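Just upload03.cif here, mmCIF, C-alpha atoms and all ligand atoms:
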data_input
loop_
_atom_site.group_PDB
_atom_site.id
_atom_site.type_symbol
_atom_site.label_atom_id
_atom_site.label_comp_id
_atom_site.auth_asym_id
_atom_site.auth_seq_id
_atom_site.Cartn_x
_atom_site.Cartn_y
_atom_site.Cartn_z
ATOM 1 C CA MET A 1 3.381 7.054 -4.343
ATOM 2 C CA SER A 2 5.247 9.386 -6.616
ATOM 3 C CA ASP A 3 3.162 11.983 -8.336
ATOM 4 C CA PRO A 4 5.106 14.211 -10.726
ATOM 5 C CA LEU A 5 2.889 17.263 -10.221
ATOM 6 C CA THR A 6 2.933 17.185 -6.418
ATOM 7 C CA GLU A 7 6.634 16.428 -6.574
ATOM 8 C CA ALA A 8 7.324 19.433 -8.789
ATOM 9 C CA ARG A 9 5.361 21.805 -6.591
ATOM 10 C CA ARG A 10 6.939 20.565 -3.372
ATOM 11 C CA SER A 11 10.539 20.271 -4.465
ATOM 12 C CA ARG A 12 10.754 23.461 -6.465
ATOM 13 C CA PRO A 13 8.350 25.976 -4.955
ATOM 14 C CA GLU A 14 10.934 28.690 -5.515
ATOM 15 C CA ASN A 15 10.941 27.982 -9.195
ATOM 16 C CA SER A 16 7.374 28.505 -10.254
ATOM 17 C CA ALA A 17 8.444 29.024 -13.861
ATOM 18 C CA GLU A 18 9.606 25.436 -13.930
ATOM 19 C CA VAL A 19 6.265 24.230 -12.563
ATOM 20 C CA ALA A 20 4.417 26.397 -15.076
ATOM 21 C CA ALA A 21 6.498 24.862 -17.874
ATOM 22 C CA LEU A 22 5.635 21.370 -16.655
ATOM 23 C CA TYR A 23 1.950 22.283 -16.559
ATOM 24 C CA GLN A 24 2.170 23.683 -20.075
ATOM 25 C CA GLU A 25 3.815 20.474 -21.260
ATOM 26 C CA ILE A 26 1.021 18.348 -19.758
ATOM 27 C CA ILE A 27 -1.680 20.514 -21.350
ATOM 28 C CA LEU A 28 -0.022 20.326 -24.764
ATOM 29 C CA ASP A 29 0.455 16.576 -24.441
ATOM 30 C CA HIS A 30 -3.297 16.086 -23.863
ATOM 31 C CA TYR A 31 -4.099 18.534 -26.654
ATOM 32 C CA ARG A 32 -1.855 16.777 -29.176
ATOM 33 C CA ARG A 33 -2.615 13.224 -28.073
ATOM 34 C CA PRO A 34 -6.126 13.397 -26.608
ATOM 35 C CA ARG A 35 -7.195 10.419 -24.496
ATOM 36 C CA ASN A 36 -10.593 8.824 -25.107
ATOM 37 C CA LYS A 37 -11.271 10.806 -28.244
ATOM 38 C CA GLY A 38 -13.715 9.274 -30.703
ATOM 39 C CA ALA A 39 -17.147 7.717 -30.535
ATOM 40 C CA LEU A 40 -18.568 5.065 -28.227
ATOM 41 C CA GLU A 41 -20.175 2.061 -29.847
ATOM 42 C CA LYS A 42 -23.011 2.184 -27.377
ATOM 43 C CA ALA A 43 -23.691 5.448 -25.557
ATOM 44 C CA ASP A 44 -26.448 6.063 -23.022
ATOM 45 C CA ALA A 45 -26.154 9.825 -23.323
ATOM 46 C CA THR A 46 -24.747 12.161 -25.949
ATOM 47 C CA ILE A 47 -24.342 15.824 -25.098
ATOM 48 C CA GLU A 48 -23.159 18.526 -27.442
ATOM 49 C CA MET A 49 -21.979 21.853 -26.107
ATOM 50 C CA ARG A 50 -20.362 24.967 -27.440
ATOM 51 C CA ASN A 51 -18.456 27.805 -25.921
ATOM 52 C CA PRO A 52 -19.290 30.670 -28.300
ATOM 53 C CA LEU A 53 -16.789 33.002 -26.635
ATOM 54 C CA CYS A 54 -13.889 30.912 -27.873
ATOM 55 C CA GLY A 55 -15.487 28.723 -30.541
ATOM 56 C CA ASP A 56 -14.895 25.488 -28.629
ATOM 57 C CA GLU A 57 -17.143 22.557 -29.467
ATOM 58 C CA ILE A 58 -17.524 19.237 -27.734
ATOM 59 C CA ALA A 59 -19.689 16.173 -28.135
ATOM 60 C CA LEU A 60 -19.490 13.908 -25.121
ATOM 61 C CA GLN A 61 -20.752 10.348 -25.126
ATOM 62 C CA VAL A 62 -21.260 8.513 -21.879
ATOM 63 C CA ALA A 63 -22.074 4.896 -21.041
ATOM 64 C CA PHE A 64 -23.434 4.220 -17.566
ATOM 65 C CA ASN A 65 -23.349 1.156 -15.391
ATOM 66 C CA GLY A 66 -24.738 0.619 -11.903
ATOM 67 C CA ASP A 67 -24.101 3.893 -10.168
ATOM 68 C CA GLY A 68 -21.368 5.250 -12.347
ATOM 69 C CA VAL A 69 -19.754 5.922 -15.666
ATOM 70 C CA SER A 70 -18.368 2.797 -17.308
ATOM 71 C CA ASP A 71 -16.986 4.538 -20.372
ATOM 72 C CA LEU A 72 -16.935 7.910 -22.077
ATOM 73 C CA LYS A 73 -15.472 9.511 -25.162
ATOM 74 C CA PHE A 74 -15.449 12.948 -26.644
ATOM 75 C CA SER A 75 -15.067 14.547 -30.013
ATOM 76 C CA GLY A 76 -14.827 18.165 -30.940
ATOM 77 C CA ARG A 77 -12.439 20.961 -31.613
ATOM 78 C CA GLY A 78 -11.327 24.130 -30.008
ATOM 79 C CA CYS A 79 -8.515 25.691 -28.056
ATOM 80 C CA SER A 80 -5.875 23.658 -26.255
ATOM 81 C CA ILE A 81 -7.461 24.374 -22.844
ATOM 82 C CA SER A 82 -10.883 23.039 -23.844
ATOM 83 C CA GLN A 83 -9.543 19.937 -25.560
ATOM 84 C CA ALA A 84 -6.948 19.126 -22.914
ATOM 85 C CA SER A 85 -9.527 19.552 -20.147
ATOM 86 C CA ALA A 86 -11.889 17.134 -21.939
ATOM 87 C CA SER A 87 -9.088 14.599 -22.400
ATOM 88 C CA MET A 88 -8.021 14.823 -18.749
ATOM 89 C CA MET A 89 -11.634 14.606 -17.597
ATOM 90 C CA THR A 90 -12.382 11.400 -19.498
ATOM 91 C CA GLN A 91 -9.234 9.826 -18.133
ATOM 92 C CA LEU A 92 -10.094 10.781 -14.562
ATOM 93 C CA VAL A 93 -13.819 9.938 -14.339
ATOM 94 C CA LYS A 94 -13.908 6.700 -16.316
ATOM 95 C CA GLY A 95 -14.994 3.866 -14.023
ATOM 96 C CA LYS A 96 -15.952 6.174 -11.151
ATOM 97 C CA SER A 97 -19.287 6.465 -9.343
ATOM 98 C CA THR A 98 -21.584 9.442 -9.820
ATOM 99 C CA GLU A 99 -20.791 10.574 -6.297
ATOM 100 C CA GLU A 100 -17.035 10.472 -6.888
ATOM 101 C CA ILE A 101 -17.448 12.270 -10.203
ATOM 102 C CA ASN A 102 -19.557 15.029 -8.664
ATOM 103 C CA ALA A 103 -16.939 15.526 -5.947
ATOM 104 C CA ILE A 104 -14.164 15.876 -8.543
ATOM 105 C CA ARG A 105 -16.317 18.150 -10.694
ATOM 106 C CA LYS A 106 -17.012 20.463 -7.770
ATOM 107 C CA GLN A 107 -13.361 20.487 -6.781
ATOM 108 C CA PHE A 108 -12.225 21.305 -10.288
ATOM 109 C CA ARG A 109 -14.765 24.125 -10.482
ATOM 110 C CA ASP A 110 -13.405 25.479 -7.186
ATOM 111 C CA LEU A 111 -9.889 25.304 -8.614
ATOM 112 C CA MET A 112 -11.044 27.287 -11.661
ATOM 113 C CA LEU A 113 -12.582 29.864 -9.332
ATOM 114 C CA GLY A 114 -9.193 30.339 -7.760
ATOM 115 C CA ASN A 115 -9.262 28.006 -4.764
ATOM 116 C CA ALA A 116 -5.509 27.458 -4.467
ATOM 117 C CA PRO A 117 -5.441 24.477 -2.040
ATOM 118 C CA ASP A 118 -7.124 22.312 -4.694
ATOM 119 C CA ALA A 119 -4.037 22.773 -6.835
ATOM 120 C CA ASP A 120 -2.213 20.468 -4.428
ATOM 121 C CA ASP A 121 -4.873 17.754 -4.243
ATOM 122 C CA SER A 122 -3.737 14.660 -6.100
ATOM 123 C CA ARG A 123 -7.350 13.532 -6.545
ATOM 124 C CA LEU A 124 -7.524 16.063 -9.378
ATOM 125 C CA GLY A 125 -4.761 14.231 -11.239
ATOM 126 C CA SER A 126 -3.439 16.030 -14.287
ATOM 127 C CA LEU A 127 -6.318 18.543 -14.089
ATOM 128 C CA ARG A 128 -4.082 20.466 -11.710
ATOM 129 C CA ALA A 129 -2.022 21.450 -14.723
ATOM 130 C CA LEU A 130 -4.952 23.725 -15.597
ATOM 131 C CA SER A 131 -4.770 25.625 -12.294
ATOM 132 C CA GLY A 132 -3.179 28.637 -13.986
ATOM 133 C CA VAL A 133 -6.350 29.080 -16.070
ATOM 134 C CA ALA A 134 -8.043 30.516 -12.968
ATOM 135 C CA ARG A 135 -6.139 33.739 -13.602
ATOM 136 C CA PHE A 136 -7.892 34.154 -16.961
ATOM 137 C CA PRO A 137 -11.663 34.289 -16.397
ATOM 138 C CA ALA A 138 -12.417 34.140 -20.142
ATOM 139 C CA ARG A 139 -10.582 30.827 -20.412
ATOM 140 C CA VAL A 140 -12.320 29.269 -17.417
ATOM 141 C CA LYS A 141 -15.311 28.602 -19.693
ATOM 142 C CA CYS A 142 -12.990 26.666 -22.021
ATOM 143 C CA ALA A 143 -11.774 24.499 -19.157
ATOM 144 C CA LEU A 144 -15.279 23.831 -17.833
ATOM 145 C CA LEU A 145 -16.955 23.042 -21.178
ATOM 146 C CA ALA A 146 -16.428 19.266 -21.000
ATOM 147 C CA TRP A 147 -17.446 19.265 -17.346
ATOM 148 C CA ASN A 148 -20.692 21.060 -18.114
ATOM 149 C CA ALA A 149 -21.387 18.438 -20.782
ATOM 150 C CA LEU A 150 -20.714 15.691 -18.260
ATOM 151 C CA GLU A 151 -23.001 17.365 -15.730
ATOM 152 C CA SER A 152 -25.795 17.399 -18.348
ATOM 153 C CA ALA A 153 -25.202 13.750 -19.182
ATOM 154 C CA LEU A 154 -25.463 12.810 -15.507
ATOM 155 C CA ALA A 155 -28.610 14.940 -15.083
ATOM 156 C CA GLU A 156 -30.163 13.336 -18.153
ATOM 157 C CA ARG A 157 -29.588 9.963 -16.625
ATOM 158 C CA ALA A 158 -31.033 10.963 -13.253
ATOM 159 C CA SER A 159 -34.256 12.299 -14.761
HETATM 160 ZN ZN ZN I 201 -11.402 27.830 -25.606
#
Take the structure in the file and give it back as structure tokens.
Ligand code: ZN
Amino acid sequence: MSDPLTEARRSRPENSAEVAALYQEIILDHYRRPRNKGALEKADATIEMRNPLCGDEIALQVAFNGDGVSDLKFSGRGCSISQASASMMTQLVKGKSTEEINAIRKQFRDLMLGNAPDADDSRLGSLRALSGVARFPARVKCALLAWNALESALAERAS
């Protein structure tokens, strides 16, 4: 299966600028054309979170089914990292079980803490485009905002 991100990293490891440019393009694409942005007609949980350091705001709505997330949407505003991360997250976790989501969430957090091998794991999908954020600790909070909201939504459901 061809995966453009893995492909770029493997075929052009000597040209990291090219990979960085591709990552930047993916982030901007999600920022300009966010996926799953809006409001759900019927949400089981609504979580609002802010990142005061950067001024990012997000409201995440989640609908559950069985043991997973059947649908989710977000609204909000903020920097390109926070909005792109939210867009990528909704795309990746929609339709997945709580267990799968928690595994991805943990892996993405590890990536943001600088765990390089995760940057090659295709399970993270386009989230890998955010791997460079790990070098900027202040921006890590931007990238994790949507994920913290999702964690709260899942915890709210469990309680
Ligand atoms: Zn931000």
Check which residues of chain A sit at most 10 Å from ligand ZN 201 (chain I) using all atoms listed in the file, and return one row each with the closest pair of atoms and their distance in Å to one decimal, ordered by chain and rising number, as CSV.
residue,atom,partner,partner_atom,distance
A:Arg50,CA,I:ZN201,ZN,9.6
A:Asn51,CA,I:ZN201,ZN,7.1
A:Pro52,CA,I:ZN201,ZN,8.8
A:Leu53,CA,I:ZN201,ZN,7.5
A:Cys54,CA,I:ZN201,ZN,4.6
A:Gly55,CA,I:ZN201,ZN,6.5
A:Asp56,CA,I:ZN201,ZN,5.2
A:Glu57,CA,I:ZN201,ZN,8.7
A:Arg77,CA,I:ZN201,ZN,9.2
A:Gly78,CA,I:ZN201,ZN,5.8
A:Cys79,CA,I:ZN201,ZN,4.3
A:Ser80,CA,I:ZN201,ZN,7.0
A:Ile81,CA,I:ZN201,ZN,5.9
A:Ser82,CA,I:ZN201,ZN,5.1
A:Gln83,CA,I:ZN201,ZN,8.1
A:Ala138,CA,I:ZN201,ZN,8.4
A:Arg139,CA,I:ZN201,ZN,6.1
A:Val140,CA,I:ZN201,ZN,8.4
A:Lys141,CA,I:ZN201,ZN,7.1
A:Cys142,CA,I:ZN201,ZN,4.1
A:Ala143,CA,I:ZN201,ZN,7.3
A:Leu144,CA,I:ZN201,ZN,9.6
A:Leu145,CA,I:ZN201,ZN,8.6
All residues 6 Å or closer to Ala84 (chain A), all atoms listed in the file, same chain fewer than 5 positions away omitted, as a PDB file with C-alpha atoms, in the coordinates of the input:
ATOM      1  CA  ILE A  27      -1.680  20.514 -21.350  1.00  0.00           C
ATOM      2  CA  HIS A  30      -3.297  16.086 -23.863  1.00  0.00           C
ATOM      3  CA  TYR A  31      -4.099  18.534 -26.654  1.00  0.00           C
TER       4      TYR A  31
END
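Between Lys94 (chain A) and the residues A:Leu124, A:Met49, A:Ala39, A:Val69, the shortest atom-to-atom distance, using only C-alpha atoms, involves A:Val69.
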Given the PyMOL selection byres (((chain A and resi 34) around 10) and not hetatm), the residues it picks as a PDB file with C-alpha atoms, in the frame of the given file:
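Listed below is the output, result.pdb:
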ATOM      1  CA  ILE A  27      -1.680  20.514 -21.350  1.00  0.00           C
ATOM      2  CA  LEU A  28      -0.022  20.326 -24.764  1.00  0.00           C
ATOM      3  CA  ASP A  29       0.455  16.576 -24.441  1.00  0.00           C
ATOM      4  CA  HIS A  30      -3.297  16.086 -23.863  1.00  0.00           C
ATOM      5  CA  TYR A  31      -4.099  18.534 -26.654  1.00  0.00           C
ATOM      6  CA  ARG A  32      -1.855  16.777 -29.176  1.00  0.00           C
ATOM      7  CA  ARG A  33      -2.615  13.224 -28.073  1.00  0.00           C
ATOM      8  CA  ARG A  35      -7.195  10.419 -24.496  1.00  0.00           C
ATOM      9  CA  ASN A  36     -10.593   8.824 -25.107  1.00  0.00           C
ATOM     10  CA  LYS A  37     -11.271  10.806 -28.244  1.00  0.00           C
ATOM     11  CA  GLY A  38     -13.715   9.274 -30.703  1.00  0.00           C
ATOM     12  CA  PHE A  74     -15.449  12.948 -26.644  1.00  0.00           C
ATOM     13  CA  SER A  75     -15.067  14.547 -30.013  1.00  0.00           C
ATOM     14  CA  GLN A  83      -9.543  19.937 -25.560  1.00  0.00           C
ATOM     15  CA  ALA A  84      -6.948  19.126 -22.914  1.00  0.00           C
ATOM     16  CA  SER A  85      -9.527  19.552 -20.147  1.00  0.00           C
ATOM     17  CA  ALA A  86     -11.889  17.134 -21.939  1.00  0.00           C
ATOM     18  CA  SER A  87      -9.088  14.599 -22.400  1.00  0.00           C
ATOM     19  CA  MET A  88      -8.021  14.823 -18.749  1.00  0.00           C
ATOM     20  CA  THR A  90     -12.382  11.400 -19.498  1.00  0.00           C
ATOM     21  CA  GLN A  91      -9.234   9.826 -18.133  1.00  0.00           C
TER      22      GLN A  91
END
Q.
Please expand the PyMOL selection byres (((chain A and resi 152) around 12) and not hetatm) into the concrete residues it hits in this file, giving the result as a PyMOL selection string.
A. chain A and resi 45-49+59-62+102+145-151+153-159
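Take CA of Thr98 (chain A) and CA of Asp67 (chain A): the distance between them is 6.1 Å.
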Within 7 Å of Ser70 (chain A), counting only C-alpha atoms, which residues qualify if same-chain residues fewer than 3 places away don't, as a short mmCIF file (atom, residue, chain, number, x, y, z; two decimals) with C-alpha atoms, in the coordinates of the input?
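Result file is result.cif:
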data_model
loop_
_atom_site.label_atom_id
_atom_site.label_comp_id
_atom_site.auth_asym_id
_atom_site.auth_seq_id
_atom_site.Cartn_x
_atom_site.Cartn_y
_atom_site.Cartn_z
CA ALA A 63 -22.07 4.90 -21.04
CA PHE A 64 -23.43 4.22 -17.57
CA ASN A 65 -23.35 1.16 -15.39
CA LYS A 94 -13.91 6.70 -16.32
CA GLY A 95 -14.99 3.87 -14.02
#
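Across the structure, CA of Glu7 (chain A) and CA of Asp120 (chain A) are spaced 10.0 Å apart.
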N, CA and C atoms are needed for region 27-56 of chain A; please write them out as a tab-separated table (two decimals), keeping the file's coordinate frame.
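New file out-v7.tsv:
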chain	number	residue	atom	x	y	z
A	27	ILE	N	-0.52	20.03	-20.58
A	27	ILE	CA	-1.68	20.51	-21.35
A	27	ILE	C	-1.48	20.23	-22.84
A	28	LEU	N	-0.30	20.54	-23.34
A	28	LEU	CA	-0.02	20.33	-24.76
A	28	LEU	C	-0.03	18.84	-25.12
A	29	ASP	N	0.44	18.02	-24.19
A	29	ASP	CA	0.46	16.58	-24.44
A	29	ASP	C	-0.98	16.05	-24.62
A	30	HIS	N	-1.89	16.52	-23.75
A	30	HIS	CA	-3.30	16.09	-23.86
A	30	HIS	C	-3.96	16.67	-25.11
A	31	TYR	N	-3.54	17.88	-25.47
A	31	TYR	CA	-4.10	18.53	-26.65
A	31	TYR	C	-3.66	17.80	-27.93
A	32	ARG	N	-2.39	17.42	-27.97
A	32	ARG	CA	-1.86	16.78	-29.18
A	32	ARG	C	-2.21	15.30	-29.25
A	33	ARG	N	-2.28	14.65	-28.09
A	33	ARG	CA	-2.62	13.22	-28.07
A	33	ARG	C	-3.79	13.01	-27.12
A	34	PRO	N	-4.98	13.48	-27.52
A	34	PRO	CA	-6.13	13.40	-26.61
A	34	PRO	C	-6.48	11.95	-26.24
A	35	ARG	N	-6.79	11.75	-24.96
A	35	ARG	CA	-7.20	10.42	-24.50
A	35	ARG	C	-8.71	10.30	-24.66
A	36	ASN	N	-9.15	9.11	-24.99
A	36	ASN	CA	-10.59	8.82	-25.11
A	36	ASN	C	-11.29	9.73	-26.12
A	37	LYS	N	-10.62	10.02	-27.20
A	37	LYS	CA	-11.27	10.81	-28.24
A	37	LYS	C	-11.84	9.85	-29.29
A	38	GLY	N	-13.06	10.13	-29.72
A	38	GLY	CA	-13.72	9.27	-30.70
A	38	GLY	C	-15.17	9.09	-30.34
A	39	ALA	N	-15.74	7.98	-30.80
A	39	ALA	CA	-17.15	7.72	-30.54
A	39	ALA	C	-17.31	6.38	-29.83
A	40	LEU	N	-18.27	6.32	-28.92
A	40	LEU	CA	-18.57	5.07	-28.23
A	40	LEU	C	-19.47	4.23	-29.13
A	41	GLU	N	-19.29	2.92	-29.06
A	41	GLU	CA	-20.18	2.06	-29.85
A	41	GLU	C	-21.60	2.12	-29.31
A	42	LYS	N	-21.69	2.16	-27.99
A	42	LYS	CA	-23.01	2.18	-27.38
A	42	LYS	C	-23.02	3.23	-26.27
A	43	ALA	N	-23.65	4.37	-26.55
A	43	ALA	CA	-23.69	5.45	-25.56
A	43	ALA	C	-25.10	5.56	-24.97
A	44	ASP	N	-25.15	5.84	-23.68
A	44	ASP	CA	-26.45	6.06	-23.02
A	44	ASP	C	-26.84	7.53	-23.09
A	45	ALA	N	-25.86	8.39	-23.22
A	45	ALA	CA	-26.15	9.82	-23.32
A	45	ALA	C	-25.14	10.48	-24.26
A	46	THR	N	-25.62	11.37	-25.08
A	46	THR	CA	-24.75	12.16	-25.95
A	46	THR	C	-25.10	13.63	-25.76
A	47	ILE	N	-24.11	14.40	-25.37
A	47	ILE	CA	-24.34	15.82	-25.10
A	47	ILE	C	-23.41	16.65	-25.98
A	48	GLU	N	-23.98	17.61	-26.66
A	48	GLU	CA	-23.16	18.53	-27.44
A	48	GLU	C	-23.21	19.90	-26.81
A	49	MET	N	-22.04	20.52	-26.70
A	49	MET	CA	-21.98	21.85	-26.11
A	49	MET	C	-20.99	22.72	-26.84
A	50	ARG	N	-21.26	24.02	-26.80
A	50	ARG	CA	-20.36	24.97	-27.44
A	50	ARG	C	-20.03	26.09	-26.47
A	51	ASN	N	-18.86	26.62	-26.67
A	51	ASN	CA	-18.46	27.80	-25.92
A	51	ASN	C	-18.27	28.91	-26.96
A	52	PRO	N	-19.34	29.69	-27.21
A	52	PRO	CA	-19.29	30.67	-28.30
A	52	PRO	C	-18.20	31.73	-28.13
A	53	LEU	N	-17.81	31.99	-26.89
A	53	LEU	CA	-16.79	33.00	-26.64
A	53	LEU	C	-15.47	32.65	-27.31
A	54	CYS	N	-15.20	31.35	-27.37
A	54	CYS	CA	-13.89	30.91	-27.87
A	54	CYS	C	-14.04	30.07	-29.13
A	55	GLY	N	-15.27	29.58	-29.39
A	55	GLY	CA	-15.49	28.72	-30.54
A	55	GLY	C	-15.25	27.25	-30.26
A	56	ASP	N	-15.13	26.89	-28.98
A	56	ASP	CA	-14.90	25.49	-28.63
A	56	ASP	C	-16.18	24.68	-28.81
